[in-house]
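Quick look at start.tsv (TSV, C-alpha atoms):
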```
chain	number	residue	atom	x	y	z
A	1500	MET	CA	-81.80	-10.38	14.86
A	1501	ASP	CA	-82.07	-6.69	15.67
A	1502	ASN	CA	-81.98	-5.01	19.04
A	1503	PRO	CA	-85.63	-5.28	20.15
A	1504	TYR	CA	-85.51	-1.76	21.54
A	1505	ILE	CA	-84.56	-0.45	18.11
A	1506	GLU	CA	-87.38	-2.48	16.57
A	1507	LEU	CA	-89.74	-0.94	19.12
A	1508	HIS	CA	-88.41	2.51	18.26
A	1509	ARG	CA	-89.35	1.88	14.64
A	1510	GLU	CA	-92.84	0.84	15.73
A	1511	PHE	CA	-93.23	4.07	17.69
A	1512	ARG	CA	-92.18	6.07	14.64
A	1513	ALA	CA	-94.45	4.15	12.32
A	1514	ALA	CA	-97.35	4.89	14.70
A	1515	GLY	CA	-96.58	8.62	14.45
A	1516	ALA	CA	-94.82	9.14	17.78
A	1517	GLU	CA	-91.97	11.65	18.02
A	1518	VAL	CA	-89.37	9.87	20.10
A	1519	LEU	CA	-85.63	9.91	20.72
A	1520	LEU	CA	-83.71	6.90	21.94
A	1521	SER	CA	-81.95	7.93	25.13
A	1522	SER	CA	-79.79	6.84	28.05
A	1523	GLY	CA	-78.45	3.26	27.97
A	1524	GLN	CA	-79.66	2.31	24.49
A	1525	ALA	CA	-78.28	5.59	23.13
A	1526	CYS	CA	-74.93	4.63	24.66
A	1527	VAL	CA	-75.15	1.24	22.94
A	1528	VAL	CA	-75.85	2.73	19.50
A	1529	PHE	CA	-73.01	5.23	20.03
A	1530	GLY	CA	-70.74	2.24	20.73
A	1531	ILE	CA	-69.73	3.07	24.30
A	1532	ALA	CA	-71.97	0.72	26.31
A	1533	ALA	CA	-71.95	-3.01	25.70
A	1534	PHE	CA	-75.34	-3.64	27.23
A	1535	SER	CA	-78.46	-2.00	28.56
A	1536	LYS	CA	-81.37	-4.01	29.84
A	1537	ASP	CA	-84.07	-1.40	29.31
A	1538	GLY	CA	-85.11	1.22	26.80
A	1539	ASP	CA	-85.49	4.92	27.54
A	1540	TRP	CA	-87.04	7.49	25.27
A	1541	ILE	CA	-87.42	11.25	25.32
A	1542	VAL	CA	-90.81	11.98	23.81
A	1543	ARG	CA	-92.62	15.01	22.47
A	1544	GLU	CA	-94.99	16.42	25.03
A	1545	THR	CA	-98.08	15.96	22.85
A	1546	GLU	CA	-101.24	13.90	23.18
A	1547	ALA	CA	-100.64	12.45	19.71
A	1548	THR	CA	-97.21	11.08	20.64
A	1549	CYS	CA	-98.43	9.68	23.95
A	1550	ALA	CA	-101.43	8.02	22.30
A	1551	ALA	CA	-99.25	6.49	19.58
A	1552	ILE	CA	-96.83	5.04	22.13
A	1553	LEU	CA	-99.66	3.66	24.25
A	1554	ASP	CA	-101.21	2.09	21.16
A	1555	VAL	CA	-97.95	0.30	20.27
A	1556	LEU	CA	-97.34	-0.83	23.85
A	1557	GLY	CA	-100.96	-1.97	24.16
A	1558	ARG	CA	-100.50	-4.25	21.16
A	1559	HIS	CA	-97.54	-5.81	22.95
A	1560	GLY	CA	-99.64	-6.46	26.06
A	1561	ALA	CA	-97.62	-4.01	28.13
A	1562	GLN	CA	-98.34	-3.25	31.78
A	1563	TYR	CA	-97.70	-0.01	33.60
A	1564	ARG	CA	-94.90	-0.13	36.17
A	1565	LEU	CA	-94.71	2.40	38.99
A	1566	GLY	CA	-94.63	5.82	37.42
A	1567	ALA	CA	-96.90	8.49	36.00
A	1568	PRO	CA	-99.51	8.03	33.25
A	1569	LEU	CA	-98.05	8.67	29.82
A	1570	HIS	CA	-99.76	11.98	29.09
A	1571	PRO	CA	-98.53	15.56	28.60
A	1572	ALA	CA	-100.07	16.66	31.92
A	1573	TRP	CA	-97.64	14.48	33.85
A	1574	LEU	CA	-94.73	14.72	31.43
A	1575	ARG	CA	-94.67	18.51	31.61
A	1576	VAL	CA	-94.05	18.48	35.36
A	1577	GLY	CA	-91.01	16.29	34.84
A	1578	LEU	CA	-92.53	12.91	35.70
A	1579	THR	CA	-91.77	9.71	33.84
A	1580	SER	CA	-93.79	6.71	32.68
A	1581	HIS	CA	-92.65	3.08	32.90
A	1582	PHE	CA	-93.93	-0.09	31.25
A	1583	GLU	CA	-92.91	-3.69	30.75
A	1584	PHE	CA	-93.93	-6.58	28.57
A	1585	PRO	CA	-92.64	-10.07	27.89
A	1586	THR	CA	-91.32	-11.07	24.49
A	1587	THR	CA	-91.30	-14.35	22.62
A	1588	SER	CA	-87.53	-14.42	23.10
A	1589	GLN	CA	-87.89	-14.95	26.84
A	1590	PHE	CA	-86.87	-11.56	28.06
A	1591	ARG	CA	-88.88	-8.75	29.53
A	1592	MET	CA	-88.83	-5.44	27.75
A	1593	ARG	CA	-88.77	-2.45	30.07
A	1594	THR	CA	-89.54	0.92	28.61
A	1595	ASP	CA	-89.28	4.36	30.22
A	1596	PHE	CA	-90.48	7.69	28.84
A	1597	CYS	CA	-89.93	11.32	29.75
A	1598	SER	CA	-90.17	14.65	27.95
A	1599	ARG	CA	-88.10	16.80	30.29
A	1600	PRO	CA	-84.96	14.92	31.25
A	1601	PRO	CA	-83.19	16.25	34.34
A	1602	ARG	CA	-80.24	18.60	33.84
A	1603	VAL	CA	-81.21	19.40	30.24
A	1604	PRO	CA	-83.41	22.49	30.48
A	1605	ASP	CA	-83.37	23.36	26.76
A	1606	ILE	CA	-86.06	20.95	25.58
A	1607	GLU	CA	-86.34	22.41	22.07
A	1608	GLY	CA	-82.56	22.18	21.80
A	1609	ILE	CA	-82.75	18.44	22.37
A	1610	TRP	CA	-84.97	18.10	19.33
A	1611	LYS	CA	-82.80	20.40	17.20
A	1612	ARG	CA	-79.64	18.49	18.04
A	1613	ALA	CA	-81.17	15.02	17.71
A	1614	VAL	CA	-79.12	12.52	15.72
A	1615	ARG	CA	-81.19	10.98	12.95
A	1616	ILE	CA	-80.02	8.19	10.69
A	1617	GLU	CA	-82.02	5.71	8.66
A	1618	ASP	CA	-84.95	4.93	10.95
A	1619	ILE	CA	-83.23	5.70	14.24
A	1620	ASP	CA	-83.46	8.92	16.21
A	1621	VAL	CA	-81.06	9.36	19.11
A	1622	VAL	CA	-80.52	12.07	21.71
A	1623	ASP	CA	-77.40	14.17	21.03
A	1624	VAL	CA	-74.15	13.44	22.82
A	1625	GLU	CA	-74.07	16.59	24.97
A	1626	SER	CA	-77.59	16.07	26.30
A	1627	LEU	CA	-76.75	12.42	26.89
A	1628	VAL	CA	-73.69	13.39	28.92
A	1629	ARG	CA	-75.77	15.74	31.07
A	1630	LEU	CA	-78.60	13.35	31.71
A	1631	LYS	CA	-76.07	10.67	32.67
A	1632	GLN	CA	-74.80	12.80	35.57
A	1633	THR	CA	-77.00	10.81	37.92
A	1634	ARG	CA	-76.76	9.65	41.52
A	1635	ARG	CA	-75.08	6.42	40.35
A	1636	LEU	CA	-71.31	6.22	40.39
A	1637	ARG	CA	-71.16	3.89	37.40
A	1638	ASP	CA	-72.73	6.52	35.13
A	1639	TYR	CA	-69.63	8.71	35.44
A	1640	SER	CA	-67.65	6.18	33.41
A	1641	VAL	CA	-70.20	6.75	30.67
A	1642	VAL	CA	-69.85	10.53	31.06
A	1643	GLY	CA	-66.06	10.24	30.82
A	1644	ALA	CA	-66.24	7.86	27.88
A	1645	LEU	CA	-68.56	10.14	25.93
A	1646	ALA	CA	-66.31	13.10	26.71
A	1647	GLU	CA	-63.35	11.14	25.40
A	1648	VAL	CA	-64.80	9.77	22.17
A	1649	ALA	CA	-66.93	12.84	21.36
A	1650	GLY	CA	-64.68	15.50	22.90
A	1651	LEU	CA	-61.06	14.44	22.47
A	1652	GLY	CA	-61.86	12.08	19.59
A	1653	GLU	CA	-64.04	14.47	17.61
A	1654	ASN	CA	-62.16	17.67	18.46
A	1655	ALA	CA	-64.88	19.23	20.58
A	1656	PRO	CA	-63.18	21.13	23.45
A	1657	GLU	CA	-66.47	21.98	25.20
A	1658	LEU	CA	-67.23	18.30	25.66
A	1659	ALA	CA	-63.71	17.24	26.59
A	1660	LEU	CA	-63.00	20.09	29.03
A	1661	GLY	CA	-66.51	20.08	30.40
A	1662	TYR	CA	-66.97	16.41	31.13
A	1663	LEU	CA	-63.77	14.31	31.19
A	1664	GLN	CA	-63.63	12.53	34.52
A	1665	ASP	CA	-59.97	11.58	34.96
A	1666	TYR	CA	-56.70	13.41	35.44
A	1667	VAL	CA	-54.66	12.15	32.49
A	1668	LEU	CA	-57.18	12.86	29.73
A	1669	LEU	CA	-58.32	16.15	31.25
A	1670	ALA	CA	-54.69	17.30	31.45
A	1671	ARG	CA	-54.31	16.38	27.79
A	1672	ALA	CA	-57.43	18.39	26.90
A	1673	VAL	CA	-56.18	21.44	28.83
A	1674	GLN	CA	-52.85	21.23	27.04
A	1675	ARG	CA	-54.55	20.95	23.64
A	1676	TRP	CA	-57.06	23.77	24.21
A	1677	PRO	CA	-55.54	26.29	26.68
A	1678	HIS	CA	-57.75	29.21	25.56
A	1679	GLU	CA	-60.95	27.24	25.91
A	1680	ALA	CA	-59.68	25.87	29.23
A	1681	ALA	CA	-59.18	29.41	30.55
A	1682	ALA	CA	-62.88	30.05	29.94
A	1683	CYS	CA	-64.00	26.78	31.55
A	1684	ASP	CA	-65.51	27.08	35.02
A	1685	ARG	CA	-64.56	23.58	36.25
A	1686	GLU	CA	-62.23	23.77	39.23
A	1687	ALA	CA	-60.17	20.80	38.03
A	1688	VAL	CA	-59.51	22.59	34.72
A	1689	GLN	CA	-58.48	25.80	36.48
A	1690	LEU	CA	-56.15	23.83	38.77
A	1691	LEU	CA	-54.54	22.17	35.75
A	1692	LEU	CA	-53.96	25.58	34.18
A	1693	LYS	CA	-52.19	26.64	37.39
A	1694	HIS	CA	-50.07	23.45	37.33
A	1695	ALA	CA	-51.48	22.39	40.69
A	1696	PRO	CA	-50.35	19.03	42.12
A	1697	ARG	CA	-52.11	16.00	40.69
A	1698	ARG	CA	-53.79	15.15	44.01
A	1699	GLU	CA	-55.54	18.53	44.04
A	1700	VAL	CA	-56.92	18.01	40.55
A	1701	VAL	CA	-58.04	14.49	41.40
A	1702	ALA	CA	-59.69	15.76	44.59
A	1703	ALA	CA	-61.51	18.47	42.63
A	1704	LEU	CA	-62.81	15.87	40.16
A	1705	ALA	CA	-64.02	13.63	42.99
A	1706	ILE	CA	-65.74	16.50	44.80
A	1707	GLU	CA	-67.42	17.63	41.59
A	1708	GLN	CA	-68.66	14.10	40.89
A	1709	ASP	CA	-69.97	13.73	44.42
A	1710	ALA	CA	-71.78	17.08	44.18
A	1711	SER	CA	-73.51	15.90	40.98
A	1712	MET	CA	-74.53	12.65	42.64
A	1713	GLN	CA	-75.88	14.48	45.68
A	1714	ALA	CA	-77.82	16.95	43.54
A	1715	ASP	CA	-79.50	14.11	41.67
A	1716	GLN	CA	-80.28	12.25	44.89
A	1717	GLN	CA	-81.84	15.41	46.35
A	1718	ARG	CA	-83.99	15.82	43.22
A	1719	ILE	CA	-85.31	12.27	43.60
A	1720	ASP	CA	-85.77	12.60	47.37
A	1721	ALA	CA	-87.79	15.78	46.90
A	1722	TRP	CA	-90.15	13.94	44.57
A	1723	GLN	CA	-90.44	10.94	46.83
A	1724	GLU	CA	-91.52	13.26	49.65
A	1725	ARG	CA	-94.13	14.89	47.46
A	1726	ILE	CA	-95.75	11.74	46.13
A	1727	GLY	CA	-97.03	10.50	49.48
A	1728	ASP	CA	-99.05	7.30	49.19
A	1729	TYR	CA	-98.96	7.05	45.42
A	1730	ALA	CA	-96.72	3.95	45.36
A	1731	ARG	CA	-99.15	2.12	47.65
A	1732	ASP	CA	-102.13	3.20	45.53
A	1733	PHE	CA	-100.32	2.08	42.42
A	1734	ALA	CA	-99.56	-1.35	43.89
A	1735	ARG	CA	-103.25	-1.81	44.65
A	1736	LEU	CA	-104.19	-0.87	41.09
A	1737	ARG	CA	-101.59	-3.15	39.62
A	1738	ALA	CA	-102.80	-6.13	41.63
A	1739	GLY	CA	-106.25	-5.59	40.12
A	1740	TRP	CA	-104.87	-5.31	36.60
A	1741	ARG	CA	-103.03	-8.59	37.04
A	1742	ARG	CA	-106.10	-10.38	38.34
A	1743	THR	CA	-108.21	-9.24	35.42
A	1744	ALA	CA	-105.53	-9.06	32.71
A	1745	ALA	CA	-106.57	-5.45	32.14
A	1746	PRO	CA	-105.64	-4.01	28.74
A	1747	LEU	CA	-103.28	-1.06	28.74
A	1748	ALA	CA	-106.00	1.41	27.74
A	1749	GLN	CA	-107.93	0.51	30.91
A	1750	GLN	CA	-104.78	0.67	33.01
A	1751	HIS	CA	-104.11	4.12	31.62
A	1752	ARG	CA	-107.58	5.43	32.48
A	1753	GLU	CA	-107.47	4.09	36.01
A	1754	LEU	CA	-103.92	5.27	36.61
A	1755	ALA	CA	-104.74	8.76	35.35
A	1756	ALA	CA	-107.50	9.03	37.97
A	1757	VAL	CA	-105.21	7.94	40.81
A	1758	ALA	CA	-102.27	10.00	39.57
A	1759	GLN	CA	-104.08	13.32	39.89
A	1760	GLN	CA	-102.40	13.49	43.30
A	1761	LEU	CA	-99.03	13.78	41.57
A	1762	LEU	CA	-100.15	16.93	39.77
A	1763	GLU	CA	-101.51	18.38	42.99
A	1764	ALA	CA	-98.28	17.49	44.77
A	1765	LYS	CA	-96.32	19.50	42.25
A	1766	SER	CA	-98.36	22.69	42.64
B	117	MET	CA	-70.47	24.47	19.31
B	118	THR	CA	-73.66	24.79	17.26
B	119	ASP	CA	-76.65	22.45	17.23
B	120	ARG	CA	-75.43	21.21	13.85
B	121	ASP	CA	-71.91	20.54	15.18
B	122	ILE	CA	-73.17	18.48	18.08
B	123	ALA	CA	-75.57	16.51	15.87
B	124	ALA	CA	-72.71	15.86	13.43
B	125	ILE	CA	-70.56	14.42	16.22
B	126	GLY	CA	-73.38	12.04	17.10
B	127	LEU	CA	-73.73	10.99	13.49
B	128	ARG	CA	-70.03	10.14	13.29
B	129	LEU	CA	-70.28	8.04	16.45
B	130	LEU	CA	-73.02	5.97	14.84
B	131	LYS	CA	-70.44	4.83	12.29
B	132	PRO	CA	-67.58	2.44	13.10
B	133	TYR	CA	-64.75	4.14	15.00
B	134	ARG	CA	-61.84	3.10	17.16
B	135	ILE	CA	-61.72	3.76	20.91
B	136	PRO	CA	-58.15	4.66	21.96
B	137	GLU	CA	-56.28	1.82	23.66
B	138	GLU	CA	-55.52	3.96	26.70
B	139	CYS	CA	-59.16	4.90	27.34
B	140	PRO	CA	-59.66	4.39	31.09
B	141	TYR	CA	-63.43	4.12	30.96
B	142	LEU	CA	-64.12	1.33	28.51
B	143	SER	CA	-63.35	-2.36	28.15
B	144	GLU	CA	-62.63	-4.69	25.22
B	145	ASP	CA	-66.38	-5.17	24.77
B	146	GLN	CA	-66.93	-1.52	24.00
B	147	ARG	CA	-63.85	-1.41	21.76
B	148	GLU	CA	-65.31	-4.26	19.73
B	149	LEU	CA	-68.76	-2.65	19.69
B	150	SER	CA	-67.50	0.75	18.55
B	151	GLU	CA	-65.87	-0.85	15.51
B	152	LEU	CA	-69.22	-2.20	14.31
B	153	ASP	CA	-71.71	-0.33	12.16
B	154	LEU	CA	-75.20	0.42	13.45
B	155	LYS	CA	-76.57	-2.88	12.19
B	156	GLY	CA	-73.75	-4.76	13.90
B	157	ARG	CA	-74.32	-2.88	17.17
B	158	SER	CA	-78.02	-3.68	16.98
B	159	ALA	CA	-77.32	-7.41	16.50
B	160	TRP	CA	-74.77	-7.30	19.34
B	161	MET	CA	-77.36	-5.85	21.74
B	162	ALA	CA	-79.96	-8.43	20.68
B	163	GLU	CA	-77.51	-11.22	21.42
B	164	TRP	CA	-76.70	-9.78	24.85
B	165	LEU	CA	-80.37	-9.51	25.75
B	166	LEU	CA	-80.94	-13.14	24.78
B	167	LEU	CA	-77.96	-14.27	26.82
B	168	ALA	CA	-79.13	-12.23	29.80
B	169	ALA	CA	-82.61	-13.74	29.55
B	170	GLN	CA	-81.21	-17.27	29.47
B	171	ALA	CA	-78.72	-16.78	32.30
B	172	PRO	CA	-79.81	-18.33	35.61
B	173	ARG	CA	-80.69	-15.77	38.25
B	174	THR	CA	-78.30	-16.13	41.12
B	175	ALA	CA	-78.95	-12.87	42.88
B	176	LYS	CA	-82.19	-11.78	44.45
B	177	THR	CA	-83.66	-8.95	42.46
B	178	ALA	CA	-86.42	-6.61	43.54
B	179	PRO	CA	-89.66	-6.55	41.56
B	180	SER	CA	-89.36	-3.84	38.96
B	181	TRP	CA	-92.02	-1.55	40.41
B	182	GLU	CA	-90.39	-1.54	43.81
B	183	SER	CA	-87.07	-0.45	42.44
B	184	GLN	CA	-88.49	2.35	40.33
B	185	ALA	CA	-89.09	5.92	41.30
B	186	VAL	CA	-91.98	7.94	39.92
B	187	VAL	CA	-89.40	10.34	38.67
B	188	SER	CA	-86.79	8.37	36.81
B	189	ASP	CA	-83.15	8.30	37.74
B	190	ASP	CA	-82.40	6.95	34.29
B	191	PRO	CA	-84.08	9.17	31.75
```

Could I get this file's structure written as structure tokens?
Amino acid sequence: MDNPYIELHREFRAAGAEVLLSSGQACVVFGIAAFSKDGDWIVRETEATCAAILDVLGRHGAQYRLGAPLHPAWLRVGLTSHFEFPTTSQFRMRTDFCSRPPRVPDIEGIWKRAVRIEDIDVVDVESLVRLKQTRRLRDYSVVGALAEVAGLGENAPELALGYLQDYVLLARAVQRWPHEAAACDREAVQLLLKHAPRREVVAALAIEQDASMQADQQRIDAWQERIGDYARDFARLRAGWRRTAAPLAQQHRELAAVAQQLLEAKS
Amino acid sequence: MTDRDIAAIGLRLLKPYRIPEECPYLSEDQRELSELDLKGRSAWMAEWLLLAAQAPRTAKTAPSWESQAVVSDDP
């Protein structure tokens, strides 16, 4: 049996959608995460891609979860779309889509650097590292792991010096690449170059991590303030969809009408 | 590092590789996973999802829509 999220990825491709496997499932295919319960994709900001994804999800009997309608109008302001559907194997597939992942401003670069093999398309390691710098502490193990296997392991100083999260490996990277380290703007790297005490380097790493977590939390808080009563309006819509077993195409139309407020909130 | 370099690193990580023993971030599970090819990793994930679906729920979990933000924290 194949990973059902990879099977779904193939269905998206076959339907003509331009999609990149991202976040947790990308970590699984890169071999550094043992498990991820949902599937995240970065998608092209086109009507054709959105329609193709909705068509595939509609055939699976998917329902919208709280989020924006899957359409370029909402994707281009940085919003995300969320769905779920049950499978015959007893688990619930959860799928999330965005076109402008946080902390990765070079959208075209994401598509240029995409990793493509057989019938899988995955976000590149550097973008993955950046988008994993979230408000959640556990994601920094992923950041460090990617920096180790892709940076130290694959001889890429930018990744190792830029993203390693612990003293021992970062010290090793600074020793291996002193010239690149001199040009690195991370405080922990500069302290290592000055042979500062270990506790100062560790403190710099912790402060940096906390700053990243706070920045992500502030990004989410700012959106939550802007969206007003949308969550309540969505819950009302969803209750109706459940009562009537509304097909996804109908859900999409009704959600798009209610979600206009999200576009107005942004402007 | 060029776009091609970074894509090439990703391609190599899709093939079996060995995570160093002293890696502080990863467990035996990931070491085993990284040594599999893409097909093996796909089967591994499928097995985990099945096990997770069959496991009894012991902790209270919020309905999915309540725990989600309109702007994702997990892109």

Please provide as a PyMOL selection string all residues within 12 Å of Ala1681 (chain A), with the sequence filter that same-chain residues fewer than 6 positions apart are discarded (counting all atoms listed in the file). chain A and resi 1656-1657+1660-1661+1672-1675+1687-1693

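Here CA of Asp1715 (chain A) stands at a distance of 5.2 Å from CA of Arg1634 (chain A).
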
From the options A:Glu1506, A:Arg1735, A:Gln1589, A:Leu1520, which residue's atoms come nearest to Leu167 (chain B), counting all atoms listed in the file? A:Gln1589

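Here CA of Ala1680 (chain A) and CA of Cys139 (chain B) stand 21.1 Å from one another.
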
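Our summary of the geometry notes that CA of Gly1727 (chain A) is positioned 21.0 Å from CA of Cys1597 (chain A).
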
What lies within 12 Å of Ala1513 (chain A) using all atoms listed in the file, ignoring chain neighbours under 6 positions off, as a ChimeraX atom specification? /A:1506-1507,1548,1551-1552,1554-1555,1618-1619

Please identify all residues of chain A having at least one atom at most 6 Å from any atom of chain B, considering all atoms listed in the file, and return them as a list of chain:residue names. A:Met1500, A:Asp1501, A:Asn1502, A:Phe1529, A:Gly1530, A:Ile1531, A:Ala1532, A:Ala1533, A:Arg1564, A:Leu1565, A:Gly1566, A:Leu1578, A:Thr1579, A:Phe1590, A:Pro1600, A:Arg1612, A:Val1614, A:Asp1623, A:Val1624, A:Ser1640, A:Ala1644

Quick one: write out the picked residues with C-alpha atoms as an mmCIF file, in the frame of the given file?
```cif
data_model
loop_
_atom_site.group_PDB
_atom_site.id
_atom_site.type_symbol
_atom_site.label_atom_id
_atom_site.label_comp_id
_atom_site.auth_asym_id
_atom_site.auth_seq_id
_atom_site.Cartn_x
_atom_site.Cartn_y
_atom_site.Cartn_z
ATOM 1 C CA MET A 1500 -81.800 -10.380 14.860
ATOM 2 C CA ASP A 1501 -82.070 -6.690 15.670
ATOM 3 C CA ASN A 1502 -81.980 -5.010 19.040
ATOM 4 C CA PHE A 1529 -73.010 5.230 20.030
ATOM 5 C CA GLY A 1530 -70.740 2.240 20.730
ATOM 6 C CA ILE A 1531 -69.730 3.070 24.300
ATOM 7 C CA ALA A 1532 -71.970 0.720 26.310
ATOM 8 C CA ALA A 1533 -71.950 -3.010 25.700
ATOM 9 C CA ARG A 1564 -94.900 -0.130 36.170
ATOM 10 C CA LEU A 1565 -94.710 2.400 38.990
ATOM 11 C CA GLY A 1566 -94.630 5.820 37.420
ATOM 12 C CA LEU A 1578 -92.530 12.910 35.700
ATOM 13 C CA THR A 1579 -91.770 9.710 33.840
ATOM 14 C CA PHE A 1590 -86.870 -11.560 28.060
ATOM 15 C CA PRO A 1600 -84.960 14.920 31.250
ATOM 16 C CA ARG A 1612 -79.640 18.490 18.040
ATOM 17 C CA VAL A 1614 -79.120 12.520 15.720
ATOM 18 C CA ASP A 1623 -77.400 14.170 21.030
ATOM 19 C CA VAL A 1624 -74.150 13.440 22.820
ATOM 20 C CA SER A 1640 -67.650 6.180 33.410
ATOM 21 C CA ALA A 1644 -66.240 7.860 27.880
#
```

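Counting all atoms listed in the file and comparing A:Thr1545, A:Glu1679, A:Met1592, A:Pro1568, the residue that lies closest to Gln1760 (chain A) is A:Pro1568.
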